[in-house]
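To start, the structure under review is shown below, and the notes come after it.
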Amino acid sequence: MLDIKNIYKNFDGLQVLKGVSTHVEKGEVVVIIGVSGSGKSTLLRCMNLLEEPTFGEVWMEGRLMTPPDPYLHRDVIRASNTYKKLLSEGLDDEAAIRKIKDEDLLKEKHPKAEGAEYASLLKKISEENGIDINLGRQKMGMVFQNFNLFNNKTVLENITLAPIKIGKQRLRDAKKRGENTEKTNDDVIRAANEKAMKLLERIGLQDKAGVYPSTLSGGQRQRVAIIRALAMEPDVMLFDEPTSALDPEMVGEVLDLIRDLVRDGMTSVIVTHEMGFAREVADRVIFMHDGVIAEEGTPEEVFSHPKNPRCRDFLSKVLY
Amino acid sequence: MVFLTNVANIMAKYWQVFLLQGIGYTLLLSVIAVAGGAFFGSLLALAKRSGLKVLKAAVAVFVEVIRGTPVLLQLYIGVFVFPMIIPKLSSLPYIYSVSIVLILNSSAYVSEIIRSGIEAVDPGQMEAARSLGLTQHTAMLSIVLPQAIKNILPALGNEFITVVKETSLASTFFVGELMTAYLKVKGNTYLTMECLAIVGVLYFALTFILSKLLKSMERRMKARA
């Protein structure tokens, strides 16, 4: 469902991600653990392109969300002038491609310098597979450490804002395409409000629909943030340390809600420091260290029999 | 005692010059400057946030030059230069050129107010909106700007109060605002201290009332949020 291919992320010369690839299956729950600064939050934020990867590709349900990365396509490399030059210098195909990849030789910032064939291949890939970044994000719900509820909107408006704006947009587009639909903007608004109230009932906060987020407790805010993401009916949920900013007594209610979602089969990627929770809900655990996946496996494998010494060291510090 | 009697006599005779003409022109110039400044300042702030490097650099230079030179100097230059660019201005009173200078001056300050007001909104708000699949445009209009306005309005009010005081420099060109009223009445009566006292009290009353109004506005805005 979600495919991460060889992601690199640099921040002003600092390499935070150094080639991360992983695949999230439908219905799978992936938990990412690791020390602060290991790149786990950055990886999560690269998945919905809140951070743009420096290299690499993100595929959501078979559609490419990033610009195509020439290094990931052999036919593109073979079309480049650099490759042709290396061949003429006597290297064979395999060696030329390896040299280009290892030494980062493609002038990917200046596609014209690599020839018309190279540029047109890249363009073809993005035309055939590319998806508008906003459409991709609509399929991915994101929950932040600091909740990020909209301060200028009531709880209900927080939940309905995106469904209404995007629902209206879809309706406009459908009408522009000449589709015959009886639906009106009012229907979109009514549906969004009903849905939001149902979600609020689910978390027992229906009586808070009209208040502003500043009057809610941390736990309530995070639960509203979660259902705000759910209101867009995402195919995958990304949780970025959802309980790290909470007072201890509020962690439970948020974890309970996430546990509920996961049991209902919601595909999720969770960055967390709650090791007990990770072990309980994860189908697969990823241990990040220094910008790469240092260990990966079932909770049993990673927590009980870690092979990587860094992972063992980390676990010995957090599991006591 | 003589001082107060003089003040009373001056006010009895010249109250129109001070209260109607003086305060009238001072407020008029301030409103023109800040309203125009808000309009052009918004455009400057937009330009500064755009991706066009040339535009950004041009705005940065303009803002720095305006903020780094005295208003009086800008007024002198404006009054001489603008009529050369727009010939129609040379047959009109100075107040037109003065207004243009004040608008330009204020737009530089207001653009900074707007920029910092937008930047003061937690970036997480924009991120949350984008993560739901809203476009940059929609996120800006429905989430960031409404919150930025809460930062911008009080600062804009302070800018207005500053401009009220700065308009006194326009008296160099005798445009009729409060300080010009002082010059006129002093010229007729030769009572310098009395006239200064009257104008001083009027300026103070003006800015004091304005800042009180602003405070209560801020309180109401806070209460709503």
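A note on labels: chains of the structure tokens are A, B, ... as shown, every chain counts residues from 1, and ligands are counted from 1 in their shown order.
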
Filtered DSSP result for segment 98-263 of chain A, state helix (DSSP H, G or I), as a ChimeraX atom specification: /A:98-103,111-114,116-129,133-138,155-176,185-202,206-208,213-215,218-230,248-263

Non-local contacts of Asn151 of chain B (8 Å; only C-alpha atoms; under 2 positions in same chain excluded) as a VMD selection string: chain B and resid 117 to 118 120 147 to 149 153 to 155

Interface residues on chain B facing chain A, 6 Å, only C-alpha atoms, written as a count of residues only: 5

Give one line per residue of segment 248-268 of chain A that approaches segment 189-202 of chain A to at most 12 Å, naming the two atoms of the closest pair and their distance in Å to one decimal, counting only C-alpha atoms; sort by chain then ascending residue number and deliver it as CSV.
residue,atom,partner,partner_atom,distance
A:Leu257,CA,A:Arg202,CA,9.4
A:Asp260,CA,A:Arg202,CA,10.6
A:Leu261,CA,A:Arg202,CA,11.2

Could you turn the residues from that selection into a file that holds N, CA, C and O atoms, as a PDB file, in the first residue's frame?
ATOM      1  N   LEU A 257      -7.650   4.593  22.144  1.00  0.00           N
ATOM      2  CA  LEU A 257      -8.294   4.928  20.868  1.00  0.00           C
ATOM      3  C   LEU A 257      -7.496   4.363  19.695  1.00  0.00           C
ATOM      4  O   LEU A 257      -8.057   3.783  18.755  1.00  0.00           O
ATOM      5  N   ASP A 260      -8.007   0.711  19.458  1.00  0.00           N
ATOM      6  CA  ASP A 260      -9.313   0.458  18.827  1.00  0.00           C
ATOM      7  C   ASP A 260      -9.217   0.478  17.305  1.00  0.00           C
ATOM      8  O   ASP A 260      -9.737  -0.394  16.622  1.00  0.00           O
ATOM      9  N   LEU A 261      -8.563   1.530  16.802  1.00  0.00           N
ATOM     10  CA  LEU A 261      -8.440   1.696  15.346  1.00  0.00           C
ATOM     11  C   LEU A 261      -7.686   0.536  14.739  1.00  0.00           C
ATOM     12  O   LEU A 261      -8.073  -0.018  13.710  1.00  0.00           O
TER      13      LEU A 261
END

When you look at Arg279 of chain A with a cut-off of 10 Å (counting only C-alpha atoms), what residues show up, excluding the ones that are within fewer than 5 positions of it in the same chain? I need them as an mmCIF file with all heavy atoms, in the first residue's frame.
data_model
loop_
_atom_site.group_PDB
_atom_site.id
_atom_site.type_symbol
_atom_site.label_atom_id
_atom_site.label_comp_id
_atom_site.auth_asym_id
_atom_site.auth_seq_id
_atom_site.Cartn_x
_atom_site.Cartn_y
_atom_site.Cartn_z
ATOM 1 N N VAL A 31 5.450 -0.195 13.759
ATOM 2 C CA VAL A 31 5.874 0.730 14.806
ATOM 3 C C VAL A 31 7.346 1.051 14.603
ATOM 4 O O VAL A 31 8.153 0.149 14.393
ATOM 5 C CB VAL A 31 5.624 0.139 16.209
ATOM 6 C CG1 VAL A 31 6.264 1.029 17.266
ATOM 7 C CG2 VAL A 31 4.142 -0.018 16.464
ATOM 8 N N GLU A 274 6.383 4.450 23.581
ATOM 9 C CA GLU A 274 5.652 3.541 24.466
ATOM 10 C C GLU A 274 5.953 2.104 24.047
ATOM 11 O O GLU A 274 5.278 1.534 23.195
ATOM 12 C CB GLU A 274 4.145 3.807 24.355
ATOM 13 C CG GLU A 274 3.714 5.199 24.753
ATOM 14 C CD GLU A 274 3.772 5.402 26.257
ATOM 15 O OE1 GLU A 274 3.695 4.392 26.999
ATOM 16 O OE2 GLU A 274 3.912 6.562 26.689
ATOM 17 N N ARG A 284 4.940 -5.346 12.906
ATOM 18 C CA ARG A 284 6.357 -5.270 12.559
ATOM 19 C C ARG A 284 6.946 -4.069 13.281
ATOM 20 O O ARG A 284 6.306 -3.032 13.392
ATOM 21 C CB ARG A 284 6.497 -5.088 11.043
ATOM 22 C CG ARG A 284 7.914 -4.959 10.539
ATOM 23 C CD ARG A 284 7.990 -5.393 9.089
ATOM 24 N NE ARG A 284 7.026 -4.639 8.285
ATOM 25 C CZ ARG A 284 7.365 -3.586 7.532
ATOM 26 N NH1 ARG A 284 8.599 -3.160 7.487
ATOM 27 N NH2 ARG A 284 6.452 -2.955 6.834
ATOM 28 N N VAL A 285 8.139 -4.234 13.809
ATOM 29 C CA VAL A 285 8.820 -3.138 14.499
ATOM 30 C C VAL A 285 10.059 -2.770 13.692
ATOM 31 O O VAL A 285 10.789 -3.640 13.219
ATOM 32 C CB VAL A 285 9.226 -3.556 15.936
ATOM 33 C CG1 VAL A 285 10.008 -2.430 16.605
ATOM 34 C CG2 VAL A 285 8.006 -3.921 16.744
ATOM 35 N N THR A 298 9.370 -8.879 13.704
ATOM 36 C CA THR A 298 8.178 -8.944 14.539
ATOM 37 C C THR A 298 8.548 -8.403 15.918
ATOM 38 O O THR A 298 9.731 -8.356 16.273
ATOM 39 C CB THR A 298 7.700 -10.395 14.691
ATOM 40 O OG1 THR A 298 8.730 -11.130 15.361
ATOM 41 C CG2 THR A 298 7.413 -11.037 13.348
ATOM 42 N N PRO A 299 7.550 -8.009 16.713
ATOM 43 C CA PRO A 299 7.855 -7.491 18.059
ATOM 44 C C PRO A 299 8.667 -8.501 18.853
ATOM 45 O O PRO A 299 9.608 -8.138 19.563
ATOM 46 C CB PRO A 299 6.477 -7.269 18.677
ATOM 47 C CG PRO A 299 5.520 -7.191 17.552
ATOM 48 C CD PRO A 299 6.104 -7.945 16.400
ATOM 49 N N GLU A 300 8.296 -9.759 18.704
ATOM 50 C CA GLU A 300 9.012 -10.830 19.410
ATOM 51 C C GLU A 300 10.492 -10.821 19.034
ATOM 52 O O GLU A 300 11.367 -10.810 19.898
ATOM 53 C CB GLU A 300 8.354 -12.172 19.044
ATOM 54 C CG GLU A 300 9.084 -13.417 19.508
ATOM 55 C CD GLU A 300 9.044 -13.588 21.019
ATOM 56 O OE1 GLU A 300 8.277 -12.863 21.675
ATOM 57 O OE2 GLU A 300 9.809 -14.433 21.538
ATOM 58 N N VAL A 302 12.315 -8.359 17.616
ATOM 59 C CA VAL A 302 13.049 -7.142 17.942
ATOM 60 C C VAL A 302 13.185 -6.948 19.452
ATOM 61 O O VAL A 302 14.256 -6.614 19.952
ATOM 62 C CB VAL A 302 12.383 -5.908 17.296
ATOM 63 C CG1 VAL A 302 13.064 -4.627 17.749
ATOM 64 C CG2 VAL A 302 12.419 -6.030 15.784
ATOM 65 N N PHE A 303 12.098 -7.194 20.181
ATOM 66 C CA PHE A 303 12.150 -6.912 21.621
ATOM 67 C C PHE A 303 12.823 -8.022 22.417
ATOM 68 O O PHE A 303 13.511 -7.752 23.396
ATOM 69 C CB PHE A 303 10.742 -6.657 22.169
ATOM 70 C CG PHE A 303 10.198 -5.310 21.791
ATOM 71 C CD1 PHE A 303 9.155 -5.198 20.890
ATOM 72 C CD2 PHE A 303 10.746 -4.154 22.320
ATOM 73 C CE1 PHE A 303 8.659 -3.966 20.532
ATOM 74 C CE2 PHE A 303 10.257 -2.913 21.971
ATOM 75 C CZ PHE A 303 9.212 -2.808 21.068
#

B:Ile152, B:Val110, B:Leu134, B:Val164 ranked by distance to Phe208 of chain B, top pick (using only C-alpha atoms): B:Val164

Contacts of Ile32 of chain B within 12 Å, only C-alpha atoms, excl. fewer than 6 positions in-chain, as a list in words: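 The neighbour list is Tyr25, Thr26, Ala38, Phe39, Phe40, Ile95, Tyr96, Val98, Ser99, Ile100, Val101, Leu102, Ile103, Leu104, Asn105, Ser106, Ser107, Phe160, Val163, Val164 and Thr167 of chain B.
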
Non-local contacts of Phe80 of chain B (12 Å; only C-alpha atoms; under 2 positions in same chain excluded) as number ranges by chain: B: 73-78, 82-87, 89-90, 94, 96-98, 101, 173
